[in-house]
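Student: Dropping the structure in here first, questions after.
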Amino acid sequence: MAASRGARRPLLLLLLAGLTYGASAVFEVKDSNGTTCIMANFSAAFWTSYETERGSENVTFSLPHSAQVLNSSSCGGGNASEPRLAIAFGDGHSLTLQFTRNATRYHVQLLRFVYNLADTHTFPGASYKEVKTEDSMTDILADIDKKYRCVSATQVHMKNVTVTLSDTTIQAYLSNSTFSKGETRCKQDMPSPTSAPPAPPTPPSPSPSPTSPSPSTHRYNVSGDNGTCLLASMGLQLNITYPRKDNTTVTRVVNINPNATTAVGSCGASLVSLELRSEKSMVLVLRFGLNASANRFFLQEVQLNMTVPDARGPSFLAANSSLRALQATVGNSYKCSAEEQLRVTPTFFLNLFGVQVQAFKVEGDKFGSAEECLLDGNNMLIPIAVGGALAGLVLIVLIAYLIGRKRSHAGYQTI
């Protein structure tokens with residue numbers, strides 16, 4: 001195991017790409033009759049950082065040979081929710097894959113990693129001996145009755161963890177208790193064309209249609225044991241680009257209807273979340289982080305999982321956990337009257353209308369002093385610039401008039 005102090009995350013991700021992973025192992029989940037419903041064979045490496053007396057430390061480690069399937073694994077059905085594979089290793093660490101499906105495809109909807117900072121072998125000198133949980137949606141999907149196969153390294157980014165899977169074979173909803181011969185390959189393994197004509201240029205970033213109506217503004221409130229930790233007023237619009245079943249690519253703009261959406265959330269010392277669930281199988285998660293040293297909050301992560309009927313895949317998935325948007329000082333609110341387009345991924349933009357948000361410290365369920373966004377500042381500059389130009393023009397005319405008058409008086413002499 002290697003732990004290095006002060007190394008930057010991008011460098012460690014490059015190291016992960018060349019890391020020698022723990023040897024792959026076959027994991028199976030069986031039902032009460034002993035029939036296998038989930039099989040998985042992969043290697044995994046983990047990167048995270050933790051606090052010590054000397055500061056922040058970075059660590060990388062692998063899934064060991066001794067990893068075992070937990071009893072919490074399930075084939076789903078009955079009173080269980082969805083099939084899941086839970087793998088335990090080390091001193092209190094676990095990796096869970098949660099599956100879902102539609103009529104034609106299945107996918108790993110959620111990847112969850114639990115790690116124990118009290119494990120002195122993996123986290124020597126950790127200041128906090130606590131168990132932490134991280135999770136993220138994934139793009140691991142395959143056709144029903146086919147295995148998912150990906151030789152290439154696949155990284156799943158969470159808030160403070162990066163999980164890298166390698167030489168991966170996964171199949172859920174098995175019909176004959178073993179891997180199928182047919183397979184769905186990941187896009188990373190697909191060969192790039194050599195003799196085919198060059199690919200068309202990348203289309204411009206999607207933007208909402210000018211004729212799309214603005215979404216309704218709604219007030220959201222997330223409370224915990226210590227009162228309100230998130231107060232937000234905003235209209236939300238999803239701008240997604242996806243391939244359809246006929247292999248054409250289309251961009252859709254979807255307004256979030258507050259009257260058909262359930263809002264829940266959670267409060268934490270350094271992370272506050274708002275989760276919106278609609279009746280049309282849409283889950284949108286907004287997570288706000290805290291920069292304690294600068295005493296500022298910001299939108300750190302956006303996750304979207306929604307069913308798109310005409311899409312080639314069963315779901316549209318997009319996530320980004322490294323955002324730095326909607327920033328303001330703790331105790332104040334971030335406010336922007338202008339429409340904002342937040343680029344989450346190349347295929348997903350989150351459009352915000354009339355947003356005002358305040359996280360972590362909210363007193364009396366009221367917004368604190370507003371810190372205006374740059375777009376609103378630019379809008380204010382326009383009338384100021386016009387007014388300044390008019391004032392300058394009036395001044396020039398006045399000076400020209402005075403000079404002309406002085407010259408006319410100079411043409412007459414007293415007799």
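Just remember, in the structure tokens the first chain shown is A, the second B, etc., residues are 1-based per chain, and ligands are 1-based in the order shown.
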Excluding Val108 (chain A) and any residue of its chain fewer than 5 positions from it, enumerate the residues within 9 Å of it, using only C-alpha atoms, and give them as JSON, numbers by chain.

Tutor: {"A": [84, 97, 98, 99, 100, 101, 137, 138, 139, 140, 141]}

Student: Just write the chosen residues, all heavy atoms, as a compact mmCIF listing (two decimals), in the first residue's frame.

Tutor:
```txt
# COMPACT_ATOMS: atom_id res chain seq x y z
N ARG A 84 -28.81 -7.08 -5.58
CA ARG A 84 -27.59 -6.38 -5.20
C ARG A 84 -26.51 -7.38 -4.82
O ARG A 84 -26.79 -8.45 -4.27
CB ARG A 84 -27.83 -5.39 -4.06
CG ARG A 84 -28.29 -6.03 -2.76
CD ARG A 84 -28.52 -4.97 -1.68
NE ARG A 84 -29.06 -5.54 -0.47
CZ ARG A 84 -30.36 -5.73 -0.24
NH1 ARG A 84 -31.24 -5.35 -1.16
NH2 ARG A 84 -30.78 -6.26 0.89
N LEU A 97 -22.93 -3.35 -5.40
CA LEU A 97 -23.47 -3.06 -6.72
C LEU A 97 -24.97 -3.31 -6.67
O LEU A 97 -25.41 -4.42 -6.37
CB LEU A 97 -22.84 -3.94 -7.80
CG LEU A 97 -21.36 -3.71 -8.16
CD1 LEU A 97 -20.45 -4.30 -7.08
CD2 LEU A 97 -21.04 -4.36 -9.51
N GLN A 98 -25.77 -2.29 -6.95
CA GLN A 98 -27.23 -2.42 -6.94
C GLN A 98 -27.75 -2.36 -8.37
O GLN A 98 -27.42 -1.43 -9.12
CB GLN A 98 -27.84 -1.31 -6.11
CG GLN A 98 -29.35 -1.42 -5.93
CD GLN A 98 -29.87 -0.43 -4.90
OE1 GLN A 98 -29.33 -0.32 -3.81
NE2 GLN A 98 -30.93 0.28 -5.26
N PHE A 99 -28.55 -3.35 -8.74
CA PHE A 99 -29.00 -3.51 -10.13
C PHE A 99 -30.46 -3.10 -10.30
O PHE A 99 -31.26 -3.16 -9.36
CB PHE A 99 -28.84 -4.96 -10.58
CG PHE A 99 -27.43 -5.47 -10.58
CD1 PHE A 99 -26.85 -5.98 -9.42
CD2 PHE A 99 -26.67 -5.45 -11.74
CE1 PHE A 99 -25.55 -6.45 -9.42
CE2 PHE A 99 -25.37 -5.92 -11.75
CZ PHE A 99 -24.80 -6.42 -10.59
N THR A 100 -30.79 -2.73 -11.52
CA THR A 100 -32.17 -2.53 -11.93
C THR A 100 -32.29 -2.91 -13.40
O THR A 100 -31.27 -3.04 -14.10
CB THR A 100 -32.63 -1.08 -11.69
OG1 THR A 100 -34.03 -0.96 -11.92
CG2 THR A 100 -31.89 -0.13 -12.63
N ARG A 101 -33.51 -3.05 -13.89
CA ARG A 101 -33.69 -3.49 -15.28
C ARG A 101 -34.99 -2.94 -15.85
O ARG A 101 -35.88 -2.46 -15.13
CB ARG A 101 -33.73 -5.02 -15.35
CG ARG A 101 -34.88 -5.65 -14.57
CD ARG A 101 -35.05 -7.13 -14.86
NE ARG A 101 -35.57 -7.36 -16.20
CZ ARG A 101 -35.72 -8.57 -16.75
NH1 ARG A 101 -35.37 -9.65 -16.07
NH2 ARG A 101 -36.20 -8.71 -17.96
N MET A 137 -23.99 6.84 -9.23
CA MET A 137 -24.57 6.09 -10.34
C MET A 137 -23.48 5.71 -11.32
O MET A 137 -22.40 6.31 -11.32
CB MET A 137 -25.65 6.94 -11.03
CG MET A 137 -26.85 7.22 -10.15
SD MET A 137 -28.11 8.23 -10.97
CE MET A 137 -27.28 9.80 -11.08
N THR A 138 -23.74 4.70 -12.16
CA THR A 138 -22.74 4.24 -13.11
C THR A 138 -23.36 4.11 -14.50
O THR A 138 -24.59 4.16 -14.66
CB THR A 138 -22.16 2.87 -12.71
OG1 THR A 138 -23.07 1.83 -13.10
CG2 THR A 138 -21.91 2.78 -11.22
N ASP A 139 -22.50 3.90 -15.50
CA ASP A 139 -22.97 3.65 -16.86
C ASP A 139 -22.74 2.18 -17.25
O ASP A 139 -22.66 1.85 -18.43
CB ASP A 139 -22.30 4.58 -17.87
CG ASP A 139 -20.78 4.44 -17.86
OD1 ASP A 139 -20.26 3.65 -17.05
OD2 ASP A 139 -20.12 5.12 -18.67
N ILE A 140 -22.65 1.30 -16.25
CA ILE A 140 -22.49 -0.13 -16.50
C ILE A 140 -23.85 -0.71 -16.86
O ILE A 140 -24.73 -0.80 -16.01
CB ILE A 140 -21.90 -0.85 -15.27
CG1 ILE A 140 -20.52 -0.29 -14.95
CG2 ILE A 140 -21.84 -2.35 -15.49
CD1 ILE A 140 -19.91 -0.84 -13.67
N LEU A 141 -24.03 -1.11 -18.11
CA LEU A 141 -25.32 -1.66 -18.54
C LEU A 141 -25.09 -2.69 -19.63
O LEU A 141 -24.09 -2.67 -20.35
CB LEU A 141 -26.28 -0.56 -19.00
CG LEU A 141 -25.85 0.38 -20.12
CD1 LEU A 141 -26.27 -0.19 -21.47
CD2 LEU A 141 -26.46 1.75 -19.94
```

Student: Would you mind listing what lies within 7 Å of Gly331 (chain A) as an NGL selection string, with only C-alpha atoms counted and same-chain residues fewer than 2 positions away left out?

Tutor: :A and (329 or 333 or 361-362 or 368)

Student: May I have the residues within 12 Å of Asn259 (chain A) as number ranges by chain, using only C-alpha atoms and disregarding those fewer than 3 positions away in the same chain?

Tutor: A: 215-219, 255-256, 262-263, 276-279

Student: Rank A:Val114, A:Met158, A:Leu230, A:Cys267 by their smallest atom-to-atom distance to Lys132 (chain A), using only C-alpha atoms, and report the top residue only.

Tutor: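 Once distances to Lys132 (chain A) are computed over only C-alpha atoms, the minimum belongs to A:Val114.
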
Student: Would you mind listing what lies within 9 Å of region 89-95 of chain A as a count of residues only, with only C-alpha atoms counted and same-chain residues fewer than 4 positions away left out?

Tutor: 21

Student: How many Å lie between CA of Arg287 (chain A) and CA of Phe348 (chain A), rounded to one decimal?

Tutor: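 Separation between CA of Arg287 (chain A) and CA of Phe348 (chain A): 16.5 Å.
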
Student: How many Å separate CA of Ser273 (chain A) from CA of Gly354 (chain A)?

Tutor: 19.7 Å

Student: Within region 98-339 of chain A, find each residue whose DSSP state, derived from the backbone, is strand (DSSP E or B), and express the selection as an MDAnalysis selection string.

Tutor: chainID A and resid 98:101 105:116 126 131:136 141:143 147:150 154:157 161:172 183:185 218:224 227:244 249:255 261:267 271:278 282:291 296:306 311 316:320 325:330 332:336

Student: Can I get the selection written as a tab-separated table (two decimals), in the first residue's frame, with C-alpha atoms?

Tutor:
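The file below, selection_27.tsv, is the result:
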```
chain	number	residue	atom	x	y	z
A	98	GLN	CA	-27.23	-2.42	-6.94
A	99	PHE	CA	-29.00	-3.51	-10.13
A	100	THR	CA	-32.17	-2.53	-11.93
A	101	ARG	CA	-33.69	-3.49	-15.28
A	105	ARG	CA	-31.55	-4.13	-20.48
A	106	TYR	CA	-30.16	-4.15	-16.96
A	107	HIS	CA	-27.57	-1.90	-15.36
A	108	VAL	CA	-25.68	-1.20	-12.17
A	109	GLN	CA	-27.82	1.67	-10.99
A	110	LEU	CA	-25.74	2.44	-7.92
A	111	LEU	CA	-22.21	1.69	-6.77
A	112	ARG	CA	-21.69	2.18	-3.03
A	113	PHE	CA	-18.38	2.06	-1.17
A	114	VAL	CA	-18.16	1.91	2.63
A	115	TYR	CA	-14.74	2.33	4.27
A	116	ASN	CA	-13.62	2.27	7.88
A	126	ALA	CA	-6.34	8.86	10.71
A	131	VAL	CA	-17.11	4.70	8.93
A	132	LYS	CA	-17.80	6.68	5.77
A	133	THR	CA	-20.13	5.91	2.87
A	134	GLU	CA	-19.83	7.12	-0.72
A	135	ASP	CA	-22.01	6.24	-3.70
A	136	SER	CA	-22.53	7.12	-7.35
A	141	LEU	CA	-25.32	-1.66	-18.54
A	142	ALA	CA	-25.94	-4.69	-20.75
A	143	ASP	CA	-28.67	-6.48	-22.65
A	147	LYS	CA	-22.94	-10.43	-19.68
A	148	TYR	CA	-21.34	-7.01	-19.35
A	149	ARG	CA	-17.70	-7.18	-20.42
A	150	CYS	CA	-15.07	-4.44	-20.07
A	154	THR	CA	-13.47	2.10	-15.78
A	155	GLN	CA	-13.46	4.84	-13.17
A	156	VAL	CA	-16.45	5.71	-11.00
A	157	HIS	CA	-16.04	9.07	-9.27
A	161	VAL	CA	-13.47	8.30	-3.54
A	162	THR	CA	-12.56	7.01	-6.99
A	163	VAL	CA	-13.25	3.34	-7.70
A	164	THR	CA	-11.44	1.87	-10.71
A	165	LEU	CA	-12.77	-1.43	-12.09
A	166	SER	CA	-10.63	-3.51	-14.46
A	167	ASP	CA	-11.08	-6.70	-16.50
A	168	THR	CA	-14.74	-6.66	-15.58
A	169	THR	CA	-17.39	-9.30	-16.26
A	170	ILE	CA	-20.78	-8.80	-14.62
A	171	GLN	CA	-24.18	-10.35	-15.20
A	172	ALA	CA	-27.41	-10.04	-13.22
A	183	GLU	CA	-21.87	-10.15	-24.17
A	184	THR	CA	-22.34	-6.39	-24.23
A	185	ARG	CA	-18.98	-4.65	-24.48
A	218	HIS	CA	-40.49	26.47	-6.12
A	219	ARG	CA	-39.17	26.89	-2.59
A	220	TYR	CA	-37.31	23.89	-1.16
A	221	ASN	CA	-36.41	23.38	2.49
A	222	VAL	CA	-34.15	20.70	3.97
A	223	SER	CA	-34.03	20.39	7.76
A	224	GLY	CA	-32.06	18.26	10.21
A	227	GLY	CA	-32.83	23.14	12.05
A	228	THR	CA	-32.78	24.18	8.40
A	229	CYS	CA	-29.54	23.41	6.54
A	230	LEU	CA	-30.70	24.22	3.00
A	231	LEU	CA	-33.12	26.80	1.69
A	232	ALA	CA	-33.58	27.14	-2.05
A	233	SER	CA	-35.96	28.92	-4.40
A	234	MET	CA	-35.54	28.09	-8.07
A	235	GLY	CA	-36.97	26.74	-11.27
A	236	LEU	CA	-35.18	23.72	-12.73
A	237	GLN	CA	-34.92	22.56	-16.33
A	238	LEU	CA	-33.12	19.47	-17.65
A	239	ASN	CA	-31.36	19.69	-21.00
A	240	ILE	CA	-30.28	16.21	-22.11
A	241	THR	CA	-28.77	14.83	-25.32
A	242	TYR	CA	-29.05	11.08	-25.97
A	243	PRO	CA	-29.09	8.47	-28.75
A	244	ARG	CA	-32.50	7.12	-29.71
A	249	THR	CA	-29.24	11.81	-31.52
A	250	VAL	CA	-31.78	14.19	-30.04
A	251	THR	CA	-31.78	16.97	-27.45
A	252	ARG	CA	-34.73	17.29	-25.08
A	253	VAL	CA	-35.64	20.01	-22.62
A	254	VAL	CA	-37.67	18.87	-19.61
A	255	ASN	CA	-39.08	21.20	-16.98
A	261	THR	CA	-42.08	16.03	-7.55
A	262	THR	CA	-41.21	14.76	-4.08
A	263	ALA	CA	-38.35	16.55	-2.34
A	264	VAL	CA	-36.22	15.01	0.41
A	265	GLY	CA	-32.75	15.77	1.69
A	266	SER	CA	-30.14	15.36	4.36
A	267	CYS	CA	-27.95	17.59	6.51
A	271	LEU	CA	-22.34	18.02	2.85
A	272	VAL	CA	-25.99	18.98	2.34
A	273	SER	CA	-28.16	17.23	-0.24
A	274	LEU	CA	-31.49	17.81	-1.96
A	275	GLU	CA	-33.10	14.91	-3.82
A	276	LEU	CA	-36.04	15.39	-6.19
A	277	ARG	CA	-38.10	12.42	-7.38
A	278	SER	CA	-40.81	12.74	-10.00
A	282	MET	CA	-36.70	10.87	-12.56
A	283	VAL	CA	-34.23	11.34	-9.71
A	284	LEU	CA	-32.21	14.57	-9.50
A	285	VAL	CA	-29.72	14.97	-6.66
A	286	LEU	CA	-28.03	18.28	-5.77
A	287	ARG	CA	-25.23	18.16	-3.19
A	288	PHE	CA	-23.70	21.27	-1.64
A	289	GLY	CA	-20.20	21.19	-0.19
A	290	LEU	CA	-18.44	23.39	2.34
A	291	ASN	CA	-15.06	25.09	2.01
A	296	ARG	CA	-18.07	29.38	1.64
A	297	PHE	CA	-20.61	26.87	0.36
A	298	PHE	CA	-21.02	25.73	-3.25
A	299	LEU	CA	-22.91	23.28	-5.44
A	300	GLN	CA	-20.48	20.38	-5.56
A	301	GLU	CA	-22.35	17.52	-7.21
A	302	VAL	CA	-25.29	16.90	-9.52
A	303	GLN	CA	-26.66	13.44	-10.33
A	304	LEU	CA	-29.47	12.61	-12.75
A	305	ASN	CA	-31.16	9.27	-13.36
A	306	MET	CA	-34.27	9.30	-15.51
A	311	ALA	CA	-33.70	6.28	-25.68
A	316	PHE	CA	-30.29	8.46	-18.99
A	317	LEU	CA	-27.52	8.71	-16.39
A	318	ALA	CA	-25.26	11.69	-15.74
A	319	ALA	CA	-23.21	12.82	-12.76
A	320	ASN	CA	-20.48	15.26	-11.84
A	325	ALA	CA	-21.17	26.50	-8.77
A	326	LEU	CA	-23.63	28.71	-6.85
A	327	GLN	CA	-20.96	29.89	-4.39
A	328	ALA	CA	-21.57	32.24	-1.48
A	329	THR	CA	-20.32	32.97	2.03
A	330	VAL	CA	-21.84	30.80	4.76
A	332	ASN	CA	-25.38	34.58	3.06
A	333	SER	CA	-27.40	33.41	0.07
A	334	TYR	CA	-26.46	33.02	-3.58
A	335	LYS	CA	-28.91	34.79	-5.89
A	336	CYS	CA	-29.24	34.98	-9.67
```

Student: Quick one: pick out all helix (DSSP H, G or I) residues within region 177-286 of chain A from a backbone DSSP run and write them as a PyMOL selection string.

Tutor: chain A and resi 187-189+258-260

Student: Rank A:Ala88, A:Ala338, A:Ala103, A:Val151 by their smallest atom-to-atom distance to Leu352 (chain A), using only C-alpha atoms, and report the top residue only.

Tutor: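 Of the candidates, the smallest distance to Leu352 (chain A) is held by A:Ala338.
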
Student: Between CA of Ser43 (chain A) and CA of Cys186 (chain A), what is the spacing in Å?

Tutor: 15.7 Å

Student: Considering only C-alpha atoms, can you say which of A:Ser337, A:Val344, A:Arg312, A:Pro191 comes closest to Val357 (chain A)?

Tutor: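 Nearest to Val357 (chain A): A:Ser337.
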
Student: Can you work out which one of A:Gly364, A:Pro213, A:Gly268, A:Pro124 has the shortest atom-to-atom distance to Arg54 (chain A), counting only C-alpha atoms?

Tutor: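 Checking each candidate against Arg54 (chain A), we get A:Pro124 as the closest.
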